[in-house]
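Participant: One structure coming up, written as structure tokens, with questions to follow.
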Amino acid sequence: MSQETLLTRPLKIEDLLQRNIYDVDEDPHIEIPRGSEQEGLPKEALVYLCPAGCYTRIGDEILFSYEGCVECGLCRIISPPDKIRWEYPKSGRGVQYRFT
Amino acid sequence: MSITGKFDVVVVGAGPAGSAAAYILAKAGFKVLVVERGRGAGSKELFGGKVYAQPLRDIWPDLDKSAPIHRWVTKERFSLVVGERVLTVEYSSPRPVGFTTYLPELAKWMADKAVEAGALLIDEVRVDEIVVKDGRVIGVRSGGDLVEADVVVDAEGVNRLLLEKLGLVERLDPKHIALGVKEVLRTGKGVIEEKLGLGKDEGMAWMVAGDITAGIPGGGFIYTMKDMISIGLVLHVGKAVEAAEKGLLREHVSLLLEKFRLHPYFKRIWGEADIMEYGGHLTIEGGLGLVPKKLAINGLVVVGDAAGLLLNTGYTVRGVDFAATSGRLAAEAIIEAFNNGGPSEENLRVYEDKLKSSFVWRELVRHRGIERVMSDPLFFTKLPRLLIGVMKRLYEADYEEPTILDAFIESTSEEDISLARLLFKLGSVVGKL
């Protein structure tokens with residue numbers, strides 16, 4: 001990426017996450033339901049506030065991918081407990097912070 | 001996790017609170033196990049950037065010599081931002097009380113100290129449950145493995161999965177929680193000195209309030225590291241969720257942070273510095289709202305973020321020193337408990353007494369209610385607009401500038417602020433700041 005781009009426009013979340021080191025677990029440590037079972041999830045909040053952009057909207061549904069997750073716990077505390085399964089990754093997997 | 005034998009104390013989490021407790025207990029000859037979910041201590045840590053040194057020196061007297069101190073904070077800035085207009089106050093002092101660091105580095109240093117003192121640290125192990133038998137905590141479980149201990153120190157951090165499972169705390173209430181997002185920018189060392197007027201080892205802590213948070217209660221921060229600058233935003237989770245669900249927040253939180261990085265007033269400091277890391281973490285809004293009803297039960301004490309011990313006044317944030325101090329006090333209480341017949345609830349509750357007569361508790365009580373101030377739109381939105389409005393009238397007049405009083409009156413009427421209400425509100429909170 002050229003230096004010019006860094007100063008001229010904001011980076012997308014995918015590009016920001018590229019800066020990080022991850023050791024992604026093969027099993028998801030977070031799960032949410034699909035389709036109509038998502039009723040009751042704060043979809044807009046998940047899409048805009050998950051710092052890693054793990055939640056994206058496709059029509060009425062939200063898609064979740066855990067790969068860029070920074071394990072902050074936000075989605076857990078804003079979702080109904082029966083609509084989300086949330087654990088930390090096991091065996092030291094997940095984000096590996098260095099400078100934070 | 002193939003750890004055999006019983007321990008005097010098992011500490012869950014190798015953060016500042018857990019490692020402080022482990023260090024003091026190991027030094028006193030206790031058989032201590034620290035269980036950390038991350039790869040090495042510190043790999044899951046994220047904070048703003050500044051640590052108060054003296055409470056840490058009370059635990060680790062060689063702090064100044066051996067800790068990963070990046071810069072001593074000799075300059076504090078506070079800015080109000082409305083659009084491209086910025087009002088900044090700077091305080092410069094030759095007597096720094098805090099330093100900047102990366103928390104992954106500092107946490108690793110703290111954990112190393114505990115290990116040097118004789119504690120056993122195992123990482124990459126996630127504790128799944130605090131195990132209770134016959135009304136007392138007897139150890140922790142990870143997968144199918146049970147490790148027994150006379151006392152468990154819960155230093156699991158802000159996400160209290162274990163304490164919730166145990167029924168000791170409720171689910172985190174978003175109104176007591178803030179979300180922090182952070183970028184670390186590699187400026188190179190000379191840049192920081194030159195752009196911010198700092199000496200070689202001098203650092204800056206800079207808090208920012210105003211419309212950089214898109215109307216959501218919260219603010220921004222900037223901290224100088226050795227050759228990098230950390231920038232971030234902190235948003236009140238309860239209010240942010242409300243805004244998003246009402247359609248008032250239409251940008252991803254990382255975009256708000258990117259806009260802060262690219263704000264014309266701030267970006268000239270770091271310029272084209274590359275982004276080295278990006279992250280997010282939950283933090284405590286402040287106040288005593290997240291402190292569990294009991295900080296000690298039979299065989300268990302709770303320390304650090306898990307105990308709800310963090311203060312955010314808007315101009316300073318204290319978390320690491322509170323956490324480490326709570327770990328120290330818990331360790332001292334455990335030592336006393338063993339000397340007085342064992343870790344019963346009654347004996348361990350000495351920790352609560354110690355905490356409640358410490359500076360940590362006094363600070364939290366003194367600033368009680370600050371979290372309500374911080375989430376009041378009058379303060380985080382209207383006050384910046386009012387003051388920027390006054391400045392604009394005073395400094396942007398081509399021919400005739402108003403008196404300060406007139407500028408104030410015009411600005412309050414433009415922002416639709418009742419001066420009487422503002423003064424009343426200011427009067428009611430000034431004692432909490």
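Identifiers for the structure tokens are assigned positionally: chains receive A, B, ... in sequence, residues are indexed from 1 per chain, and ligands are indexed from 1 in the order shown.
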Would you mind listing what lies within 8 Å of A:Ser65 as a PyMOL selection string, with only C-alpha atoms counted and same-chain residues fewer than 3 positions away left out?

Facilitator: chain A and resi 54-55+68

Participant: If we count only C-alpha atoms, which residues of chain A reach to within 10 Å of chain B? Please list them as a PyMOL selection string.

Facilitator: chain A and resi 2-13+15-21+23+42-53+69-74+76-78+81+86-100

Participant: Please provide as a list in words all residues within 12 Å of B:Ile409, with the sequence filter that same-chain residues fewer than 2 positions apart are discarded (counting only C-alpha atoms).

Facilitator: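 Once the adjacent positions are removed, what remains is Leu386, Leu387, Gly389, Val390, Arg393, Pro402, Thr403, Ile404, Leu405, Asp406, Ala407, Ser411, Thr412, Ser413, Glu414, Glu415, Asp416, Ile417, Ser418, Leu419 and Ala420 of chain B.
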
Participant: Save the residues we just selected, N, CA and C atoms, as a PDB file, in the first residue's frame?

Facilitator:
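The resulting file, part_3.pdb, is shown below:
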```pdb
ATOM      1  N   LEU B 386     -20.377  24.669  22.848  1.00  0.00           N
ATOM      2  CA  LEU B 386     -20.473  25.989  23.461  1.00  0.00           C
ATOM      3  C   LEU B 386     -19.102  26.673  23.513  1.00  0.00           C
ATOM      4  N   LEU B 387     -18.108  25.952  23.999  1.00  0.00           N
ATOM      5  CA  LEU B 387     -16.793  26.569  24.178  1.00  0.00           C
ATOM      6  C   LEU B 387     -16.122  26.856  22.834  1.00  0.00           C
ATOM      7  N   GLY B 389     -17.755  27.494  20.200  1.00  0.00           N
ATOM      8  CA  GLY B 389     -18.535  28.630  19.693  1.00  0.00           C
ATOM      9  C   GLY B 389     -18.018  29.954  20.241  1.00  0.00           C
ATOM     10  N   VAL B 390     -17.666  29.978  21.505  1.00  0.00           N
ATOM     11  CA  VAL B 390     -17.114  31.187  22.120  1.00  0.00           C
ATOM     12  C   VAL B 390     -15.783  31.546  21.445  1.00  0.00           C
ATOM     13  N   ARG B 393     -16.193  32.993  17.984  1.00  0.00           N
ATOM     14  CA  ARG B 393     -16.627  34.392  17.998  1.00  0.00           C
ATOM     15  C   ARG B 393     -15.487  35.329  18.381  1.00  0.00           C
ATOM     16  N   PRO B 402     -16.699  40.356  19.619  1.00  0.00           N
ATOM     17  CA  PRO B 402     -17.582  40.610  20.765  1.00  0.00           C
ATOM     18  C   PRO B 402     -16.804  40.564  22.081  1.00  0.00           C
ATOM     19  N   THR B 403     -17.413  41.062  23.139  1.00  0.00           N
ATOM     20  CA  THR B 403     -16.818  40.841  24.457  1.00  0.00           C
ATOM     21  C   THR B 403     -16.954  39.357  24.774  1.00  0.00           C
ATOM     22  N   ILE B 404     -16.164  38.887  25.712  1.00  0.00           N
ATOM     23  CA  ILE B 404     -16.239  37.470  26.086  1.00  0.00           C
ATOM     24  C   ILE B 404     -17.651  37.139  26.552  1.00  0.00           C
ATOM     25  N   LEU B 405     -18.258  38.049  27.293  1.00  0.00           N
ATOM     26  CA  LEU B 405     -19.615  37.798  27.795  1.00  0.00           C
ATOM     27  C   LEU B 405     -20.610  37.660  26.644  1.00  0.00           C
ATOM     28  N   ASP B 406     -20.510  38.582  25.677  1.00  0.00           N
ATOM     29  CA  ASP B 406     -21.418  38.503  24.531  1.00  0.00           C
ATOM     30  C   ASP B 406     -21.191  37.224  23.731  1.00  0.00           C
ATOM     31  N   ALA B 407     -19.928  36.862  23.546  1.00  0.00           N
ATOM     32  CA  ALA B 407     -19.604  35.631  22.810  1.00  0.00           C
ATOM     33  C   ALA B 407     -20.236  34.434  23.507  1.00  0.00           C
ATOM     34  N   SER B 411     -23.252  32.217  21.981  1.00  0.00           N
ATOM     35  CA  SER B 411     -22.952  30.804  21.764  1.00  0.00           C
ATOM     36  C   SER B 411     -23.954  29.907  22.498  1.00  0.00           C
ATOM     37  N   THR B 412     -24.302  30.264  23.712  1.00  0.00           N
ATOM     38  CA  THR B 412     -25.295  29.457  24.440  1.00  0.00           C
ATOM     39  C   THR B 412     -26.632  29.492  23.724  1.00  0.00           C
ATOM     40  N   SER B 413     -26.998  30.647  23.164  1.00  0.00           N
ATOM     41  CA  SER B 413     -28.307  30.705  22.511  1.00  0.00           C
ATOM     42  C   SER B 413     -28.270  29.934  21.192  1.00  0.00           C
ATOM     43  N   GLU B 414     -27.124  29.977  20.479  1.00  0.00           N
ATOM     44  CA  GLU B 414     -27.026  29.201  19.239  1.00  0.00           C
ATOM     45  C   GLU B 414     -27.102  27.698  19.509  1.00  0.00           C
ATOM     46  N   GLU B 415     -26.480  27.262  20.576  1.00  0.00           N
ATOM     47  CA  GLU B 415     -26.476  25.837  20.893  1.00  0.00           C
ATOM     48  C   GLU B 415     -27.708  25.431  21.692  1.00  0.00           C
ATOM     49  N   ASP B 416     -28.616  26.404  21.915  1.00  0.00           N
ATOM     50  CA  ASP B 416     -29.848  26.119  22.638  1.00  0.00           C
ATOM     51  C   ASP B 416     -29.562  25.523  24.022  1.00  0.00           C
ATOM     52  N   ILE B 417     -28.603  26.140  24.691  1.00  0.00           N
ATOM     53  CA  ILE B 417     -28.269  25.693  26.037  1.00  0.00           C
ATOM     54  C   ILE B 417     -28.803  26.728  27.015  1.00  0.00           C
ATOM     55  N   SER B 418     -29.485  26.272  28.032  1.00  0.00           N
ATOM     56  CA  SER B 418     -29.901  27.178  29.084  1.00  0.00           C
ATOM     57  C   SER B 418     -28.723  27.395  30.024  1.00  0.00           C
ATOM     58  N   LEU B 419     -28.287  28.641  30.104  1.00  0.00           N
ATOM     59  CA  LEU B 419     -27.121  28.951  30.935  1.00  0.00           C
ATOM     60  C   LEU B 419     -27.364  28.565  32.390  1.00  0.00           C
ATOM     61  N   ALA B 420     -28.605  28.792  32.828  1.00  0.00           N
ATOM     62  CA  ALA B 420     -28.944  28.457  34.217  1.00  0.00           C
ATOM     63  C   ALA B 420     -28.815  26.956  34.444  1.00  0.00           C
TER      64      ALA B 420
END
```

Participant: Excluding B:Leu288 and its own-chain neighbours fewer than 2 positions away, which residues fall within 12 Å of it when counting only C-alpha atoms? Please give them as an MDAnalysis selection string.

Facilitator: chainID B and resid 176:177 284:286 290:293 305 307:312 356 360:372

Participant: Among chain A, which residues does DSSP mark as helix (DSSP H, G or I) when it is run on the backbone? Keep the chain and numbering as in the structure and answer as a ChimeraX atom specification.

Facilitator: /A:3-8,13-17,35-38,43-49,74-78,81-83

Participant: Expressed in Å to a single decimal, how great is the separation between atom CA of B:Gly190 and atom CA of B:Phe99?

Facilitator: 18.5 Å

Participant: Could you go through stretch 222-353 of chain B and tell me which residues DSSP, when run on the backbone, assigns to strand (DSSP E or B), listing them as JSON, numbers by chain?

Facilitator: {"B": [222, 223, 224, 228, 229, 230, 231, 232, 233, 234, 235, 236, 274, 275, 276, 277, 278, 279, 280, 281, 282, 283, 284, 296, 297, 300, 301, 302, 311, 312, 317, 318]}

Participant: How many Å lie between atom CA of B:Trp109 and atom CA of B:Asp64, rounded to one decimal?

Facilitator: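 These two atoms are separated by 12.3 Å.
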
Participant: Could you check how far atom CA of B:Tyr315 sits from atom CA of B:Pro16, in Å to one decimal?

Facilitator: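 Distance reported for this atom pair: 22.2 Å.
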
Participant: Need the shell around stretch 148-151 of chain B: protein/DNA/RNA residues with any atom at most 8 Å away, counting only C-alpha atoms. Skip same-chain ones fewer than 3 positions apart. Format as a CSV table (one decimal) with all heavy atoms, in the first residue's frame?

Facilitator:
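Written out: out_35.csv:
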```
chain,number,residue,atom,x,y,z
B,5,GLY,N,-0.8,-32.2,41.7
B,5,GLY,CA,-0.5,-31.7,43.0
B,5,GLY,C,-1.5,-30.5,43.3
B,5,GLY,O,-2.1,-30.0,42.4
B,6,LYS,N,-1.6,-30.2,44.6
B,6,LYS,CA,-2.5,-29.2,45.0
B,6,LYS,C,-1.7,-27.9,45.2
B,6,LYS,O,-0.5,-27.9,45.7
B,6,LYS,CB,-3.2,-29.6,46.3
B,6,LYS,CG,-4.3,-28.7,46.7
B,6,LYS,CD,-5.0,-29.1,47.9
B,6,LYS,CE,-5.8,-28.0,48.5
B,6,LYS,NZ,-6.4,-28.3,49.7
B,7,PHE,N,-2.3,-26.8,44.9
B,7,PHE,CA,-1.6,-25.5,45.1
B,7,PHE,C,-2.2,-24.8,46.3
B,7,PHE,O,-3.4,-25.0,46.6
B,7,PHE,CB,-1.7,-24.6,43.8
B,7,PHE,CG,-0.9,-25.2,42.7
B,7,PHE,CD1,-1.3,-26.2,41.9
B,7,PHE,CD2,0.4,-24.7,42.5
B,7,PHE,CE1,-0.6,-26.7,40.9
B,7,PHE,CE2,1.2,-25.2,41.5
B,7,PHE,CZ,0.7,-26.2,40.7
B,8,ASP,N,-1.4,-23.9,46.9
B,8,ASP,CA,-2.0,-23.0,47.9
B,8,ASP,C,-2.9,-22.0,47.2
B,8,ASP,O,-4.0,-21.8,47.7
B,8,ASP,CB,-0.9,-22.2,48.6
B,8,ASP,CG,0.1,-23.1,49.4
B,8,ASP,OD1,-0.3,-24.2,49.9
B,8,ASP,OD2,1.3,-22.8,49.4
B,9,VAL,N,-2.5,-21.5,46.1
B,9,VAL,CA,-3.3,-20.5,45.4
B,9,VAL,C,-3.2,-20.7,43.9
B,9,VAL,O,-2.1,-20.9,43.4
B,9,VAL,CB,-2.8,-19.0,45.7
B,9,VAL,CG1,-3.6,-18.0,45.0
B,9,VAL,CG2,-2.8,-18.8,47.2
B,10,VAL,N,-4.4,-20.7,43.3
B,10,VAL,CA,-4.4,-20.6,41.8
B,10,VAL,C,-4.9,-19.2,41.4
B,10,VAL,O,-5.9,-18.8,41.9
B,10,VAL,CB,-5.3,-21.7,41.2
B,10,VAL,CG1,-5.5,-21.4,39.7
B,10,VAL,CG2,-4.6,-23.1,41.3
B,137,VAL,N,-14.9,-22.8,47.4
B,137,VAL,CA,-14.2,-22.9,46.1
B,137,VAL,C,-13.0,-23.9,46.4
B,137,VAL,O,-12.2,-23.7,47.3
B,137,VAL,CB,-13.7,-21.6,45.6
B,137,VAL,CG1,-12.8,-21.7,44.5
B,137,VAL,CG2,-14.9,-20.7,45.2
B,138,ILE,N,-12.9,-24.9,45.5
B,138,ILE,CA,-11.8,-25.8,45.7
B,138,ILE,C,-10.8,-25.8,44.6
B,138,ILE,O,-9.8,-26.5,44.7
B,138,ILE,CB,-12.3,-27.3,45.9
B,138,ILE,CG1,-13.1,-27.7,44.7
B,138,ILE,CG2,-13.2,-27.4,47.2
B,138,ILE,CD1,-13.1,-29.2,44.5
B,139,GLY,N,-11.0,-25.0,43.6
B,139,GLY,CA,-10.0,-25.0,42.5
B,139,GLY,C,-10.7,-24.6,41.2
B,139,GLY,O,-11.7,-24.0,41.2
B,140,VAL,N,-10.0,-24.9,40.1
B,140,VAL,CA,-10.5,-24.5,38.8
B,140,VAL,C,-10.4,-25.7,37.8
B,140,VAL,O,-9.6,-26.6,38.0
B,140,VAL,CB,-9.6,-23.3,38.1
B,140,VAL,CG1,-9.7,-22.1,39.0
B,140,VAL,CG2,-8.2,-23.7,37.9
B,299,GLY,N,-12.8,-19.4,49.9
B,299,GLY,CA,-11.8,-19.9,49.0
B,299,GLY,C,-11.6,-19.1,47.7
B,299,GLY,O,-10.9,-19.6,46.8
B,300,LEU,N,-12.2,-17.9,47.6
B,300,LEU,CA,-12.1,-17.1,46.4
B,300,LEU,C,-12.0,-15.6,46.7
B,300,LEU,O,-12.7,-15.1,47.5
B,300,LEU,CB,-13.3,-17.3,45.5
B,300,LEU,CG,-13.4,-16.5,44.2
B,300,LEU,CD1,-12.6,-17.2,43.1
B,300,LEU,CD2,-14.8,-16.3,43.8
B,301,VAL,N,-11.1,-14.9,46.0
B,301,VAL,CA,-11.1,-13.5,46.0
B,301,VAL,C,-11.1,-13.0,44.6
B,301,VAL,O,-10.6,-13.6,43.7
B,301,VAL,CB,-9.8,-12.9,46.8
B,301,VAL,CG1,-9.9,-13.2,48.2
B,301,VAL,CG2,-8.5,-13.4,46.1
B,334,ILE,N,-4.7,-12.9,51.9
B,334,ILE,CA,-4.5,-14.4,51.8
B,334,ILE,C,-3.5,-14.8,52.8
B,334,ILE,O,-3.6,-15.8,53.6
B,334,ILE,CB,-4.2,-14.9,50.4
B,334,ILE,CG1,-5.5,-14.7,49.5
B,334,ILE,CG2,-3.8,-16.3,50.4
B,334,ILE,CD1,-5.2,-14.8,48.0
B,343,PRO,N,-8.3,-20.1,54.7
B,343,PRO,CA,-9.0,-19.1,53.8
B,343,PRO,C,-10.5,-19.2,53.9
B,343,PRO,O,-11.1,-19.5,52.9
B,343,PRO,CB,-8.4,-19.5,52.5
B,343,PRO,CG,-8.1,-21.0,52.6
B,343,PRO,CD,-7.7,-21.2,54.0
```

Participant: Choose the residue, out of A:Val24, A:Gln38, A:Ile30, A:Glu14, that has the smallest atom-to-atom separation from A:Pro80; count only C-alpha atoms.

Facilitator: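 Closest residue, counting only C-alpha atoms: A:Gln38.
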